[in-house]
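See structure below.
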Amino acid sequence: MQGIRPGKAGQGREGWGRFGIHQVSLPKGAGKPRFSLPRHVIRTVARRGRRRNRPRQRLPGWRRLSMRARSRCRPRLECERLESRSLMAADVSLPMLDIGSSTLIDVWVDPVRGDDSASGAVREQALRTVTEAWRRVPSGVPLTTGFRINLAAGTYSEASIPNYWESRRGTVTAPVIVRAADGVGTARLPAINAFNCRRLYLDGLDISAGGGDVAHFEACTHVLLRDCTIRGLGTIATYDVPQETLKANQCRFMYVERCDISGAWDNAVDFVAVQGGHVVASRIHRAGDWALYVKGGSANIIVAGNEFYDAGTGGFTAGQGTGFEFMVAPWLTYEATGITFRNNLVRDVQGAGFGVNGGSEIVIANNVVYRAGSRSHMIEVAFGSRTCDGDVAACQARLAQGGWGTTTIGGDEPIPNRNVSIIDNVLLNPDGSASQWQQFFVPLPRTPSPDSNIPSPARADDGLTIARNVIWNGSVDHPLGIEQQGLAAAIIAGNSINTLRPMLVDPSRGNYRVIAAAGIPATVGPQGDIGPLLPAPPLPTPLTAAFAGVPAETAFAVTSVTIAFARPVTGVTLDDFVLKRGSTFLSLAGARLTTTDGRTYTLSQIPGTTIAATYLIRLKGQGTGIADAFGLAPMPPIIASWRMTRTVAA
């Protein structure tokens with residue numbers, strides 16, 4: 001994949017196999033629109049309530065920058081080499097864009113002490129507005145020398161930034177970089193809207209806004225967002241918040257790395273007709289619809305090592321629904337193609353943890369889903385949707401090229417799936433928080449219109465593999481949600497569904513790592529760390545435990561006790577307990593041992609405690625097989641005792 005290198009030094013492309021990454025050659029000219037996009041946005045909702053995404057309009061009053069702006073590289077300006085940036089230390093196996101080392105012209109901006117008549121060459125001669133700095137980057141021509149716009153710490157007003165970031169054509173050796181010069185998050189900007197830019201790298205910016213999209217990129221190539229916070233301001237419940245936080249449409253090679261993106265009544269991240277790129281090591285959250293989807297003919301995108309949470313419809317989906325006229329040749333059939341979703345954490349979402357809606361060659365593997373589906377299901381493999389949203393001629397042109405869709409305004413065609421693999425994931429809903437209806441949603445085949453070019457019948461499960469997943473969600477009779485009997489049987493046989501409970505280190509404190517346990521293969525769950533900002537495991541402290549529910553003296557038989565460990569543990573069995581009446585050892589045969597969280601265990605139906613005497617129960621220490629996530633055994637002594645004051649009937 002052009003422009004990407006593996007993060008681990010010395011690791012070749014072959015080493016990307018664990019992420020499902022393969023070298024891809026995109027067709028020449030792919031992704032370049034061959035039609036004029038409409039200036040206005042018409043938001044429509046199809047019968048099934050799926051959104052149709054399209055380019056945003058250029059808001060009234062926005063001034064177009066001169067296409068003939070010239071460089072202000074004066075003799076006093078200093079050109080210096082672009083330093084190499086280190087990769088993410090927390091998980092160096094994630095792919096990161098190598099921006100190389102180039103000679104750049106520095107332009108400094110200071111919103112308080114700057115002056116737009118200054119040279120901008122050094123901090124002491126900083127400009128006052130980003131607009132002036134942007135104006136000094138040549139427009140409409142490929143750059144031979146790159147520019148680095150250094151933003152001094154401070155808050156930049158709407159009046160100080162370009163109304164439209166347009167037509168700056170960086171190259172591999174001469175990119176355009178806009179960065180927070182005084183550290184990540186120190187330069188605070190309002191909404192950004194970019195069009196037809198190339199090799200534009202935003203580094204360490206804090207972009208926050210209400211109203212429209214917070215950051216929008218249209219018809220751009222090779223855009224990098226690294227260490228940025230992109231934040232929608234307002235209240236989701238009242239729609240007083242941006243529609244989408246990060247929006248990219250008709251773009252090629254979008255890279256999102258180590259970012260925090262949140263705050264939208266619709267989607268936190270929305271990729272439409274985006275081919276190539278990745279979203280890695282980021283937090284994506286606080287969205288009314290999906291936290292992230294890639295659709296509209298998006299292709300060849302890696303989503304890995306992220307944390308998704310606080311979303312309505314769901315965490316992540318490959319595909320969804322799109323107006324036919326907004327798709328870009330040659331990606332005119334499936335909603336999403338060649339998408340890898342791996343080693344992510346999805347938590348606290350009301351809908352599915354992840355899904356596929358009209359996707360081909362999709363891999364969803366080694367993820368953790370925790371508390372999902374409260375209003376629906378855990379996993380969905382459903383149809384995508386294709387409409388024509390007003391430009392009938394454009395829809396007809398795509399249909400003539402063999403694309404799948406319709407020319408009927410208001411029509412809605414089902415987009416099938418092909419070769420979807422959902423493997424080696426861990427999905428855990430704690431007791432009392434099961435998905436509302438079922439485990440999965442996989443619909444029956446549908447019949448598309450004869451002139452839609454869509455194969456008939458359209459199937460959501462063509463080449464579908466759901467295997468080696470460990471799922472704990474609801475009761476043993478919680479509905480599977482799959483009507484095709486053969487597929488249902490294969491899924492039941494090939495997955496652990498409510499038969500093996502996975503355990504996480506400490507979700508209440510933000511640690512969602514899977515604890516190794518008997519019966520769970522090492523290939524299941526994340527292969528390495530999940531999520532970008534999870535705390536490192538705490539330094540091992542002694543593992544303590546204590547009995548509870550044991551009175552010092554009682555006239556009634558004690559038949560049940562609990563033992564609470566400081567951290568979740570595995571390997572606890574009845575053989576680990578010793579029960580004595582006076583000096584006599586008692587058998588625990590017939591007793592029951594249960595737990596709901598791996599931390600608190602209940603020993604019930606204890607026999608032989610009806611005789612008046614002093615009793616002692618003890619948990620063995622070393623050599624029992626009991627261990628926490630660090631491999632530590634509980635520290636002895638762990639003892640409880642009581643005196644039975646009278647003999648009662650057994």
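We name chains A, B, ... following the order of the structure tokens; residues begin at 1 in each chain, and ligands are numbered from 1 as shown.
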Review point. What lies within 9 Å of Gly373 of chain A using only C-alpha atoms, ignoring chain neighbours under 6 positions off, as a VMD selection string?
Key: chain A and resid 313 to 314 348 to 353 379 429 433 to 439
Exercise for review: Output as a PyMOL selection string all residues of segment 115-225 of chain A that backbone DSSP marks as strand (DSSP E or B).
Suggested key: chain A and resi 127+142+146-151+154-155+165-166+169+176-180+187-189+192-195+198-203+206-209+215-218+221-225
Kindly export the residues of the current selection with C-alpha atoms, as a tab-separated table (two decimals), in the first residue's frame.
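What follows is the written file out38.tsv:
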```
chain	number	residue	atom	x	y	z
A	127	LEU	CA	2.36	36.17	11.08
A	142	PRO	CA	2.61	20.83	-7.56
A	146	GLY	CA	7.35	21.89	1.03
A	147	PHE	CA	5.88	24.25	3.61
A	148	ARG	CA	5.58	23.84	7.36
A	149	ILE	CA	3.11	26.20	9.00
A	150	ASN	CA	4.05	26.40	12.69
A	151	LEU	CA	1.17	27.50	14.90
A	154	GLY	CA	-3.20	29.94	21.44
A	155	THR	CA	-6.77	30.05	20.18
A	165	TRP	CA	-8.49	25.29	2.53
A	166	GLU	CA	-8.18	24.67	-1.19
A	169	ARG	CA	-0.77	20.44	-4.02
A	176	VAL	CA	2.22	20.96	3.32
A	177	ILE	CA	2.36	20.56	7.10
A	178	VAL	CA	0.27	22.48	9.61
A	179	ARG	CA	1.37	21.74	13.14
A	180	ALA	CA	1.06	22.84	16.75
A	187	ALA	CA	-2.99	25.32	18.88
A	188	ARG	CA	-6.79	25.48	19.00
A	189	LEU	CA	-8.65	26.00	15.72
A	192	ILE	CA	-11.69	23.19	8.87
A	193	ASN	CA	-13.06	22.57	5.37
A	194	ALA	CA	-10.54	21.42	2.73
A	195	PHE	CA	-10.97	20.77	-0.98
A	198	ARG	CA	-2.67	16.89	-1.75
A	199	ARG	CA	-0.13	15.75	0.80
A	200	LEU	CA	-1.67	17.84	3.56
A	201	TYR	CA	-0.49	16.80	7.03
A	202	LEU	CA	-2.13	18.16	10.21
A	203	ASP	CA	-0.09	17.48	13.32
A	206	ASP	CA	-7.05	20.84	18.54
A	207	ILE	CA	-10.01	21.45	16.20
A	208	SER	CA	-13.28	22.16	17.98
A	209	ALA	CA	-16.56	23.55	16.66
A	215	ALA	CA	-13.20	18.73	9.89
A	216	HIS	CA	-14.25	18.05	6.29
A	217	PHE	CA	-12.04	16.87	3.43
A	218	GLU	CA	-13.36	16.61	-0.14
A	221	THR	CA	-5.34	12.87	-1.62
A	222	HIS	CA	-2.83	11.81	1.01
A	223	VAL	CA	-4.23	13.60	4.04
A	224	LEU	CA	-2.65	12.81	7.41
A	225	LEU	CA	-4.24	13.65	10.77
```
Practice item. Could you give me, as number ranges by chain, each residue of segment 108-351 of chain A that DSSP assigns to helix (DSSP H, G or I) when run on this structure's backbone? Key: A: 123-125, 130-135, 158-160, 324-326
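For the pair atom CA of Thr103 of chain A and atom CA of Val172 of chain A, the interatomic distance is 11.2 Å.
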Review point. Segment 359-365 of chain A: which residues within 9 Å, counting only C-alpha atoms, same-chain residues fewer than 6 positions away excluded, as a PyMOL selection string?
Key: chain A and resi 19-20+295+318-320+334-344+381+383-384+415-425+460+469+524-526
Using the selection just defined, write its residues with N, CA and C atoms as a tab-separated table (two decimals), in the first residue's frame.
```
chain	number	residue	atom	x	y	z
A	19	PHE	N	-2.24	-8.14	10.61
A	19	PHE	CA	-3.27	-7.12	10.46
A	19	PHE	C	-4.09	-7.33	9.19
A	20	GLY	N	-3.82	-8.39	8.45
A	20	GLY	CA	-4.56	-8.61	7.22
A	20	GLY	C	-4.22	-7.59	6.16
A	295	LYS	N	-17.85	3.75	3.61
A	295	LYS	CA	-18.93	3.32	2.73
A	295	LYS	C	-18.83	4.03	1.39
A	318	ALA	N	-18.46	-1.67	7.98
A	318	ALA	CA	-17.93	-1.57	6.63
A	318	ALA	C	-19.12	-1.57	5.69
A	319	GLY	N	-19.40	-0.41	5.11
A	319	GLY	CA	-20.57	-0.25	4.25
A	319	GLY	C	-21.73	0.35	5.01
A	320	GLN	N	-22.73	0.80	4.24
A	320	GLN	CA	-23.98	1.32	4.81
A	320	GLN	C	-24.88	1.66	3.64
A	334	TYR	N	-19.91	-2.65	-4.54
A	334	TYR	CA	-20.06	-2.81	-3.09
A	334	TYR	C	-19.88	-1.48	-2.36
A	335	GLU	N	-20.48	-1.39	-1.20
A	335	GLU	CA	-20.32	-0.22	-0.35
A	335	GLU	C	-18.89	-0.11	0.19
A	336	ALA	N	-18.27	-1.23	0.46
A	336	ALA	CA	-16.91	-1.23	1.01
A	336	ALA	C	-16.19	-2.48	0.52
A	337	THR	N	-14.91	-2.35	0.18
A	337	THR	CA	-14.12	-3.46	-0.34
A	337	THR	C	-12.74	-3.45	0.29
A	338	GLY	N	-12.27	-4.62	0.69
A	338	GLY	CA	-10.92	-4.73	1.20
A	338	GLY	C	-10.69	-3.98	2.50
A	339	ILE	N	-11.61	-4.11	3.46
A	339	ILE	CA	-11.50	-3.42	4.75
A	339	ILE	C	-11.03	-4.40	5.82
A	340	THR	N	-10.05	-4.00	6.59
A	340	THR	CA	-9.57	-4.81	7.72
A	340	THR	C	-9.86	-4.06	9.02
A	341	PHE	N	-10.56	-4.75	9.93
A	341	PHE	CA	-10.91	-4.18	11.24
A	341	PHE	C	-10.34	-5.14	12.28
A	342	ARG	N	-9.24	-4.75	12.92
A	342	ARG	CA	-8.51	-5.71	13.75
A	342	ARG	C	-7.93	-5.03	14.99
A	343	ASN	N	-7.94	-5.80	16.10
A	343	ASN	CA	-7.32	-5.35	17.36
A	343	ASN	C	-7.92	-4.06	17.89
A	344	ASN	N	-9.21	-3.89	17.74
A	344	ASN	CA	-9.90	-2.72	18.27
A	344	ASN	C	-10.70	-3.08	19.51
A	381	VAL	N	-24.48	-8.60	9.88
A	381	VAL	CA	-23.99	-8.76	8.51
A	381	VAL	C	-25.22	-8.58	7.64
A	383	PHE	N	-27.55	-6.08	4.53
A	383	PHE	CA	-27.44	-5.47	3.21
A	383	PHE	C	-27.03	-4.00	3.33
A	384	GLY	N	-26.26	-3.54	2.35
A	384	GLY	CA	-26.09	-2.12	2.17
A	384	GLY	C	-27.28	-1.58	1.38
A	415	ILE	N	-27.62	-3.99	-1.43
A	415	ILE	CA	-26.25	-4.29	-1.81
A	415	ILE	C	-25.78	-5.49	-0.99
A	416	PRO	N	-25.41	-6.59	-1.66
A	416	PRO	CA	-25.06	-7.82	-0.93
A	416	PRO	C	-23.67	-7.75	-0.31
A	417	ASN	N	-23.34	-8.80	0.41
A	417	ASN	CA	-22.00	-8.99	0.96
A	417	ASN	C	-21.32	-10.16	0.26
A	418	ARG	N	-20.00	-10.15	0.28
A	418	ARG	CA	-19.24	-11.27	-0.27
A	418	ARG	C	-17.93	-11.43	0.49
A	419	ASN	N	-17.67	-12.67	0.90
A	419	ASN	CA	-16.40	-13.02	1.54
A	419	ASN	C	-16.11	-12.14	2.76
A	420	VAL	N	-17.00	-12.21	3.71
A	420	VAL	CA	-16.83	-11.53	5.00
A	420	VAL	C	-16.33	-12.55	6.01
A	421	SER	N	-15.26	-12.22	6.71
A	421	SER	CA	-14.72	-13.11	7.74
A	421	SER	C	-14.75	-12.39	9.09
A	422	ILE	N	-15.45	-13.00	10.05
A	422	ILE	CA	-15.52	-12.48	11.42
A	422	ILE	C	-14.96	-13.57	12.31
A	423	ILE	N	-13.73	-13.41	12.75
A	423	ILE	CA	-13.02	-14.51	13.40
A	423	ILE	C	-12.23	-14.02	14.60
A	424	ASP	N	-12.11	-14.91	15.61
A	424	ASP	CA	-11.19	-14.71	16.74
A	424	ASP	C	-11.48	-13.45	17.53
A	425	ASN	N	-12.75	-13.07	17.66
A	425	ASN	CA	-13.13	-11.92	18.46
A	425	ASN	C	-13.66	-12.36	19.81
A	460	ALA	N	-26.80	-11.61	1.82
A	460	ALA	CA	-25.96	-10.98	2.84
A	460	ALA	C	-24.89	-11.94	3.34
A	469	ASN	N	-15.05	-17.30	17.49
A	469	ASN	CA	-15.35	-16.17	18.36
A	469	ASN	C	-15.83	-16.69	19.72
A	524	VAL	N	-7.42	-16.13	19.86
A	524	VAL	CA	-8.69	-15.43	20.02
A	524	VAL	C	-8.46	-14.15	20.83
A	525	GLY	N	-9.10	-13.07	20.41
A	525	GLY	CA	-8.93	-11.80	21.08
A	525	GLY	C	-7.73	-11.05	20.53
A	526	PRO	N	-7.42	-9.90	21.10
A	526	PRO	CA	-6.37	-9.05	20.56
A	526	PRO	C	-5.01	-9.73	20.54
```
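Atom CA of Leu345 of chain A lies 27.5 Å from atom CA of Ala564 of chain A.
Using only C-alpha atoms, the shortest contact distance between Gly590 of chain A and any of A:Gly608, A:Val578, A:Lys620, A:Glu553 is found at A:Gly608.
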Excluding Trp642 of chain A and its own-chain neighbours fewer than 2 positions away, which residues fall within 6 Å of it when counting only C-alpha atoms? Please give them as a short mmCIF file (atom, residue, chain, number, x, y, z; two decimals) with C-alpha atoms, in the first residue's frame.
```cif
data_model
loop_
_atom_site.label_atom_id
_atom_site.label_comp_id
_atom_site.auth_asym_id
_atom_site.auth_seq_id
_atom_site.Cartn_x
_atom_site.Cartn_y
_atom_site.Cartn_z
CA ALA A 552 -18.46 -15.30 64.32
CA GLU A 553 -21.22 -17.21 66.13
CA THR A 614 -16.17 -24.66 65.81
CA TYR A 615 -15.70 -24.61 62.05
#
```
Exercise for review: Using atom CA of Gln605 of chain A and atom CA of Pro634 of chain A as the two end points, give the distance in Å to one decimal.
Suggested key: 24.0 Å
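Considering the residues A:Thr544, A:Ser583, A:Asn196, A:Thr624 and counting only C-alpha atoms, Arg599 of chain A has its shortest atom-to-atom contact with A:Thr544.
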Review point. What's the 12 Å shell around segment 483-487 of chain A, counting only C-alpha atoms, without same-chain residues fewer than 4 positions away, as a ChimeraX atom specification?
Key: /A:438,440-445,459-467,479,491-494
